[in-house]
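Data block for structure_21.txt (compact mmCIF, C-alpha atoms):
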```txt
# COMPACT_ATOMS: atom_id res chain seq x y z
CA MET A 1 -63.88 57.77 -155.02
CA THR A 2 -66.40 55.09 -154.08
CA LEU A 3 -66.10 53.52 -157.53
CA LEU A 4 -62.30 53.52 -157.28
CA PHE A 5 -62.43 51.74 -153.93
CA GLU A 6 -64.87 49.18 -155.32
CA GLN A 7 -62.59 48.47 -158.29
CA MET A 8 -59.60 48.12 -155.99
CA LEU A 9 -61.53 45.57 -153.92
CA ASN A 10 -62.37 43.71 -157.14
CA GLY A 11 -58.66 43.77 -157.97
CA VAL A 12 -57.74 42.38 -154.55
CA GLN A 13 -60.32 39.62 -154.95
CA TYR A 14 -58.94 38.77 -158.41
CA GLY A 15 -55.44 38.90 -156.98
CA PHE A 16 -56.30 36.30 -154.34
CA MET A 17 -57.71 34.04 -157.06
CA LEU A 18 -54.40 34.36 -158.88
CA PHE A 19 -52.53 33.68 -155.64
CA LEU A 20 -54.39 30.41 -155.03
CA LEU A 21 -53.28 29.25 -158.48
CA ALA A 22 -49.78 30.72 -158.36
CA ALA A 23 -48.92 29.36 -154.91
CA GLY A 24 -49.08 25.76 -156.08
CA LEU A 25 -47.56 26.51 -159.45
CA THR A 26 -44.56 28.35 -158.02
CA LEU A 27 -43.82 25.45 -155.64
CA ILE A 28 -44.10 22.92 -158.47
CA PHE A 29 -41.85 24.99 -160.71
CA GLY A 30 -39.38 25.97 -158.00
CA ILE A 31 -39.02 22.60 -156.30
CA MET A 32 -39.68 20.08 -159.06
CA GLY A 33 -38.43 22.14 -162.00
CA ILE A 34 -41.60 21.29 -163.93
CA ILE A 35 -43.26 23.76 -166.29
CA ASN A 36 -46.84 22.61 -165.88
CA LEU A 37 -49.14 24.20 -168.45
CA ALA A 38 -51.87 21.80 -167.31
CA HIS A 39 -52.20 23.55 -163.94
CA GLY A 40 -55.25 25.37 -165.28
CA ALA A 41 -56.90 21.98 -165.83
CA PHE A 42 -57.00 21.44 -162.05
CA TYR A 43 -58.66 24.85 -161.72
CA MET A 44 -61.25 23.75 -164.28
CA ALA A 45 -61.68 20.35 -162.62
CA GLY A 46 -62.39 21.89 -159.22
CA ALA A 47 -64.94 24.24 -160.79
CA PHE A 48 -66.74 21.56 -162.82
CA ILE A 49 -66.80 18.78 -160.23
CA GLY A 50 -67.72 21.05 -157.33
CA THR A 51 -70.39 22.95 -159.26
CA TRP A 52 -71.92 19.73 -160.61
CA VAL A 53 -72.08 18.17 -157.13
CA ALA A 54 -73.49 21.41 -155.71
CA GLY A 55 -76.16 21.38 -158.41
CA VAL A 56 -77.13 17.76 -157.73
CA THR A 57 -77.19 18.10 -153.94
CA GLY A 58 -78.41 21.69 -153.80
CA SER A 59 -75.62 22.57 -151.39
CA PHE A 60 -72.64 24.81 -152.10
CA TRP A 61 -70.91 23.43 -148.99
CA ILE A 62 -71.11 19.82 -150.21
CA GLY A 63 -69.76 20.89 -153.58
CA LEU A 64 -66.70 22.48 -151.93
CA PRO A 65 -65.03 19.29 -150.61
CA ALA A 66 -66.12 17.44 -153.75
CA GLY A 67 -64.32 19.98 -155.94
CA LEU A 68 -61.20 19.85 -153.79
CA ALA A 69 -61.17 16.06 -153.70
CA GLY A 70 -61.74 15.81 -157.44
CA SER A 71 -58.92 18.19 -158.31
CA ALA A 72 -56.63 16.41 -155.83
CA VAL A 73 -57.31 12.97 -157.33
CA ILE A 74 -56.83 14.25 -160.88
CA GLY A 75 -53.63 16.05 -159.88
CA LEU A 76 -52.17 12.97 -158.20
CA LEU A 77 -53.05 10.78 -161.18
CA VAL A 78 -51.40 13.27 -163.55
CA GLU A 79 -48.29 13.33 -161.36
CA PHE A 80 -48.12 9.53 -161.16
CA LEU A 81 -48.86 8.79 -164.82
CA VAL A 82 -47.19 11.71 -166.62
CA ILE A 83 -45.20 14.18 -164.54
CA ARG A 84 -42.90 11.57 -162.95
CA ARG A 85 -41.61 10.75 -166.41
CA LEU A 86 -40.73 14.40 -167.03
CA TYR A 87 -38.49 15.16 -164.04
CA ALA A 88 -35.31 14.41 -165.94
CA ARG A 89 -36.54 15.81 -169.26
CA ASP A 90 -35.81 19.27 -170.61
CA HIS A 91 -38.34 22.09 -170.41
CA LEU A 92 -39.41 21.77 -174.05
CA GLU A 93 -40.61 18.22 -173.50
CA GLN A 94 -42.38 19.30 -170.32
CA VAL A 95 -44.18 22.07 -172.19
CA LEU A 96 -45.23 19.73 -175.00
CA ALA A 97 -46.46 17.02 -172.63
CA THR A 98 -48.41 19.33 -170.35
CA PHE A 99 -49.87 21.24 -173.31
CA ALA A 100 -51.15 17.91 -174.61
CA LEU A 101 -52.81 17.40 -171.22
CA VAL A 102 -54.52 20.78 -171.59
CA LEU A 103 -56.09 19.68 -174.88
CA ILE A 104 -57.11 16.31 -173.43
CA PHE A 105 -58.74 17.77 -170.33
CA ASN A 106 -60.59 20.45 -172.29
CA GLN A 107 -62.02 17.82 -174.62
CA LEU A 108 -62.95 15.55 -171.71
CA ALA A 109 -64.75 18.44 -170.02
CA THR A 110 -66.70 19.08 -173.22
CA ILE A 111 -67.63 15.40 -173.56
CA VAL A 112 -68.69 14.98 -169.92
CA PHE A 113 -70.35 18.33 -169.18
CA GLY A 114 -71.14 19.69 -172.65
CA ARG A 115 -70.34 23.02 -174.25
CA GLN A 116 -72.86 25.06 -172.30
CA PRO A 117 -71.54 26.70 -169.10
CA LEU A 118 -72.71 25.26 -165.79
CA MET A 119 -74.67 27.66 -163.62
CA ALA A 120 -73.12 28.33 -160.24
CA ALA A 121 -74.43 30.44 -157.39
CA PRO A 122 -72.96 31.50 -154.05
CA PRO A 123 -74.46 29.96 -150.92
CA GLN A 124 -77.40 31.77 -149.39
CA LEU A 125 -75.26 32.68 -146.38
CA LEU A 126 -72.90 34.66 -148.64
CA SER A 127 -75.35 35.90 -151.27
CA ALA A 128 -76.10 39.27 -149.65
CA SER A 129 -74.22 42.54 -149.94
CA VAL A 130 -72.84 44.77 -147.21
CA GLU A 131 -72.30 48.52 -147.05
CA LEU A 132 -68.57 49.04 -146.49
CA LEU A 133 -68.64 52.82 -146.96
CA PRO A 134 -71.46 55.29 -147.54
CA GLY A 135 -72.67 54.46 -151.04
CA LEU A 136 -70.41 51.40 -151.44
CA ILE A 137 -72.46 48.20 -151.44
CA TYR A 138 -70.18 45.19 -151.92
CA PRO A 139 -71.01 41.47 -152.32
CA VAL A 140 -70.29 39.38 -149.24
CA TYR A 141 -69.19 36.48 -151.46
CA ARG A 142 -66.30 38.48 -152.91
CA LEU A 143 -65.25 39.49 -149.40
CA ALA A 144 -65.37 35.80 -148.44
CA ILE A 145 -62.96 34.97 -151.28
CA ILE A 146 -60.57 37.59 -149.94
CA GLY A 147 -60.88 36.04 -146.50
CA VAL A 148 -60.18 32.55 -147.87
CA GLY A 149 -57.13 33.89 -149.71
CA ILE A 150 -55.76 35.44 -146.52
CA ALA A 151 -56.36 32.21 -144.59
CA VAL A 152 -54.64 30.10 -147.26
CA ALA A 153 -51.68 32.49 -147.37
CA ALA A 154 -51.29 32.25 -143.59
CA GLY A 155 -51.62 28.48 -143.70
CA LEU A 156 -49.00 28.14 -146.43
CA TYR A 157 -46.63 30.39 -144.51
CA LEU A 158 -46.93 28.19 -141.43
CA LEU A 159 -46.63 25.01 -143.50
CA ILE A 160 -43.53 26.11 -145.41
CA ASN A 161 -41.73 27.95 -142.62
CA ARG A 162 -42.90 26.35 -139.36
CA SER A 163 -43.33 22.62 -140.05
CA ARG A 164 -41.12 19.61 -140.70
CA ILE A 165 -42.79 19.04 -144.06
CA GLY A 166 -42.05 22.63 -144.98
CA MET A 167 -38.43 22.16 -143.96
CA LEU A 168 -38.17 19.16 -146.30
CA ILE A 169 -39.85 21.11 -149.09
CA ARG A 170 -37.39 23.99 -148.71
CA ALA A 171 -34.48 21.55 -148.51
CA GLY A 172 -35.65 19.80 -151.66
CA GLU A 173 -35.82 23.14 -153.42
CA ALA A 174 -32.29 24.12 -152.31
CA ASP A 175 -30.48 20.79 -152.92
CA ARG A 176 -32.58 17.83 -153.98
CA GLU A 177 -29.56 15.54 -154.36
CA MET A 178 -28.49 16.11 -150.76
CA VAL A 179 -32.02 15.42 -149.55
CA ARG A 180 -32.03 12.18 -151.54
CA ALA A 181 -28.61 11.24 -150.13
CA LEU A 182 -29.98 11.63 -146.59
CA GLY A 183 -32.49 8.87 -147.31
CA ILE A 184 -35.54 11.12 -147.67
CA ARG A 185 -38.00 10.06 -150.35
CA ILE A 186 -37.80 13.12 -152.56
CA LYS A 187 -40.39 11.71 -154.99
CA LEU A 188 -42.91 11.54 -152.14
CA ILE A 189 -42.25 15.22 -151.43
CA TYR A 190 -42.78 15.95 -155.13
CA THR A 191 -46.11 14.10 -155.04
CA LEU A 192 -47.27 15.99 -151.93
CA VAL A 193 -46.30 19.34 -153.45
CA PHE A 194 -48.02 18.54 -156.73
CA GLY A 195 -51.16 17.38 -154.91
CA LEU A 196 -51.18 20.54 -152.79
CA GLY A 197 -50.91 22.66 -155.92
CA ALA A 198 -53.81 20.79 -157.52
CA VAL A 199 -56.00 21.29 -154.42
CA LEU A 200 -55.30 25.04 -154.33
CA ALA A 201 -56.08 25.32 -158.05
CA GLY A 202 -59.32 23.38 -157.55
CA LEU A 203 -60.26 25.67 -154.65
CA ALA A 204 -59.71 28.71 -156.86
CA GLY A 205 -61.80 27.17 -159.63
CA TYR A 206 -64.73 26.31 -157.39
CA LEU A 207 -64.74 29.74 -155.75
CA ALA A 208 -64.59 31.38 -159.18
CA GLY A 209 -67.70 29.54 -160.37
CA PRO A 210 -70.32 31.98 -159.06
CA ILE A 211 -68.36 34.95 -160.48
CA TYR A 212 -67.05 33.66 -163.81
CA SER A 213 -68.48 31.05 -166.15
CA VAL A 214 -67.80 27.35 -165.52
CA GLN A 215 -67.01 25.97 -168.96
CA ALA A 216 -64.47 23.95 -170.89
CA GLY A 217 -61.23 25.85 -171.39
CA MET A 218 -61.77 28.20 -168.45
CA GLY A 219 -58.32 27.34 -167.13
CA ASP A 220 -56.65 28.49 -170.33
CA ARG A 221 -57.66 32.11 -169.74
CA ILE A 222 -56.13 32.33 -166.29
CA ILE A 223 -52.98 30.22 -166.63
CA LEU A 224 -50.96 32.93 -168.44
CA PRO A 225 -51.61 35.59 -165.77
CA THR A 226 -50.72 32.93 -163.19
CA PHE A 227 -47.34 32.33 -164.82
CA VAL A 228 -46.79 36.10 -164.85
CA VAL A 229 -47.43 36.14 -161.09
CA VAL A 230 -44.90 33.33 -160.58
CA VAL A 231 -42.23 35.08 -162.64
CA VAL A 232 -42.80 38.54 -161.14
CA GLY A 233 -42.97 37.24 -157.59
CA GLY A 234 -39.92 34.98 -157.92
CA VAL A 235 -39.98 31.30 -158.82
CA GLY A 236 -40.48 29.13 -155.75
CA SER A 237 -41.43 32.03 -153.45
CA ILE A 238 -44.84 31.94 -151.73
CA ARG A 239 -44.29 35.48 -150.40
CA GLY A 240 -43.42 36.64 -153.90
CA ALA A 241 -46.53 34.99 -155.35
CA PHE A 242 -48.68 36.67 -152.69
CA VAL A 243 -47.33 40.18 -153.33
CA ALA A 244 -47.22 39.82 -157.12
CA ALA A 245 -50.76 38.41 -157.29
CA LEU A 246 -52.22 41.34 -155.38
CA VAL A 247 -50.23 43.96 -157.32
CA LEU A 248 -51.06 42.46 -160.72
CA GLY A 249 -54.69 41.77 -159.79
CA VAL A 250 -55.29 45.39 -158.81
CA LEU A 251 -53.33 46.70 -161.81
CA ASP A 252 -55.27 44.55 -164.28
CA THR A 253 -58.65 45.48 -162.78
CA LEU A 254 -57.94 49.22 -162.67
CA LEU A 255 -56.66 49.26 -166.24
CA ARG A 256 -59.75 47.45 -167.52
CA ALA A 257 -62.02 49.82 -165.59
CA TYR A 258 -60.34 53.16 -166.35
CA ALA A 259 -58.09 52.90 -169.42
CA PRO A 260 -60.89 53.31 -172.02
CA GLY A 261 -62.39 56.28 -170.15
CA MET A 262 -59.03 58.05 -169.88
CA LEU A 263 -58.44 57.66 -173.61
CA ARG A 264 -61.88 59.03 -174.56
CA GLY A 265 -60.61 62.49 -173.71
CA ILE A 266 -58.09 62.43 -176.56
CA MET A 267 -59.79 60.26 -179.22
CA GLU A 268 -63.14 58.97 -180.44
CA SER A 269 -65.07 56.68 -178.13
CA SER A 270 -64.90 53.60 -180.36
CA ALA A 271 -61.14 53.93 -180.85
CA ALA A 272 -60.63 54.66 -177.15
CA ASP A 273 -62.57 51.54 -176.15
CA THR A 274 -60.57 49.37 -178.54
CA LEU A 275 -57.18 50.80 -177.59
CA GLY A 276 -58.07 50.87 -173.89
CA ALA A 277 -59.06 47.21 -173.92
CA GLY A 278 -55.81 46.33 -175.68
CA LEU A 279 -53.70 48.30 -173.21
CA ALA A 280 -55.54 46.73 -170.29
CA SER A 281 -54.85 43.26 -171.66
CA MET A 282 -51.16 44.12 -172.04
CA GLY A 283 -50.80 45.79 -168.64
CA ILE A 284 -49.59 42.88 -166.53
CA TYR A 285 -47.20 41.74 -169.25
CA LEU A 286 -45.66 45.21 -169.48
CA MET A 287 -45.37 45.14 -165.70
CA MET A 288 -43.57 41.81 -165.93
CA ALA A 289 -41.13 43.20 -168.48
CA LEU A 290 -40.34 46.20 -166.27
CA VAL A 291 -39.84 44.04 -163.19
CA LEU A 292 -37.57 41.61 -165.02
CA MET A 293 -35.42 44.47 -166.30
CA ALA A 294 -34.96 45.77 -162.75
CA ARG A 295 -35.03 42.46 -160.84
CA PRO A 296 -34.53 39.44 -163.15
CA GLN A 297 -35.21 37.03 -160.25
CA GLY A 298 -38.52 38.65 -159.31
CA PHE A 299 -39.72 40.51 -156.21
CA PHE A 300 -38.72 37.88 -153.66
CA PRO A 301 -36.58 35.12 -155.19
CA ALA A 302 -36.58 31.88 -153.22
CA LYS A 303 -33.49 31.39 -151.13
CA GLY A 304 -31.42 28.53 -152.42
```

Just dump the structure as structure tokens.
Amino acid sequence: MTLLFEQMLNGVQYGFMLFLLAAGLTLIFGIMGIINLAHGAFYMAGAFIGTWVAGVTGSFWIGLPAGLAGSAVIGLLVEFLVIRRLYARDHLEQVLATFALVLIFNQLATIVFGRQPLMAAPPQLLSASVELLPGLIYPVYRLAIIGVGIAVAAGLYLLINRSRIGMLIRAGEADREMVRALGIRIKLIYTLVFGLGAVLAGLAGYLAGPIYSVQAGMGDRIILPTFVVVVVGGVGSIRGAFVAALVLGVLDTLLRAYAPGMLRGIMESSAADTLGAGLASMGIYLMMALVLMARPQGFFPAKG
């Protein structure tokens, strides 16, 4: 039972990482209509820039704003130089353009930082472990990521639903032409939304550094699950992204932890491990298929 609870906590922590990525992506997709495959590049940028600065200064806390600022600047430059030219284009052209950005950023990361992963460590304040239940020792750093995810979710809720900027964002999502007709600079809203998405992705990347490897292409591995979260939760819905990220994060973690062991009872160990790993990798995509059959617009479609 202790192991199950630990794996569920790991799933929640992974779910909050997905939420930080999906929150920005679902706003960009829902409001701007842009399919941005390069969103994982901002995740990678936050991880690389923040970890490098933390390594040079010896301070995790100095690396944090550096990673956020770096991902924000890169995101705004991408929006200004590339994305603005794609607003009126069809989705195929958006996919091709942003996929090209993925290749460019991965190569730039290799040139600047090399092929070897950067070493990242949690701050000393969060490097200990705490006993949550008898026999369950859990890293404080992972609990801190969960706390950050909850704080970001609350902040986004207040921003989108309780502020003037949020009102303009929701109006732009519902009827961008009417917003433009009222004299509101819709392109400025687009830029702010895109920058916010880049900052959240960079935050996720930097926080992931001490848990996963910081290396070129790291964004490619997480961008597909992030799109699954957006689709399952409902395009443009922060609440949907929050619920879907937690559900899919826990599902993916539990399948990877328990699927091979469950199959060992009916087949050889080597075959069970291979099949279990395959089923675990497919789990969230099967979940997406089931959800789309029942609710094609996702858990909580944005109100338009």

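With all atoms listed in the file as the atoms that count, the residue of A:Gln124, A:Val243, A:Asp252, A:Arg89 with the shortest distance to Gly33 of chain A is A:Arg89.
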
For Ile165 of chain A: contacts at 10 Å, all atoms listed in the file, fewer than 5 positions along chain excluded, given as a list in words: Leu159, Ile160, Arg170, Ala171, Ile189 and Leu192 of chain A

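Nearest to Pro225 of chain A of all the residues A:Gly67, A:Ser281, A:Leu275, A:Leu101 is A:Ser281, based on only C-alpha atoms.
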
12 Å contact set for Leu188 of chain A, only C-alpha atoms, chain neighbours under 5 positions out, as a ChimeraX atom specification: /A:32,76,79-80,84,165,168-169,172,179-180,183,193-195

Considering only C-alpha atoms, can you say which of A:Ile145, A:Ala153, A:Ala41, A:Ala259 comes closest to Gln215 of chain A? A:Ala41

Measuring between all atoms listed in the file, which one of A:Ala23, A:Val73, A:Met1, A:Leu156 shows the shortest distance to Ala45 of chain A? A:Val73

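Using all atoms listed in the file, the contacts of segment 220-223 of chain A at a cut-off of 6 Å, with sequence neighbours closer than 3 positions omitted, comprise Gly40, Gly217 and Thr226 of chain A.
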
For the point (-70.8, 56.0, -151.0) in the file's frame, write as number ranges by chain all residues with an atom no more than 12 Å away, counting all atoms listed in the file. A: 1-6, 131-138

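Counting only C-alpha atoms, the residue from A:Ser129, A:Thr191, A:Gln297, A:Asn106 that sits nearest to Gly219 of chain A is A:Asn106.
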
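Going from atom CA of Gln116 of chain A over to atom CA of Val102 of chain A, you cover 18.8 Å.
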
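Between atom CA of Leu200 of chain A and atom CA of Gly75 of chain A lies a distance of 10.7 Å.
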
Which residues are near Gly15 of chain A? Cut-off 7 Å, only C-alpha atoms, ignore same chain within fewer than 3 positions. Put them as a PyMOL selection string. chain A and resi 11-12+18-19+245-246+248-250

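When all atoms listed in the file are used to measure the gap to Ile111 of chain A, the shortest distance among A:Leu126, A:Ser237, A:Ile186, A:Ala216 belongs to A:Ala216.
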
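The interatomic distance for the pair atom CA of Tyr190 of chain A and atom CA of Arg164 of chain A works out to 15.0 Å.
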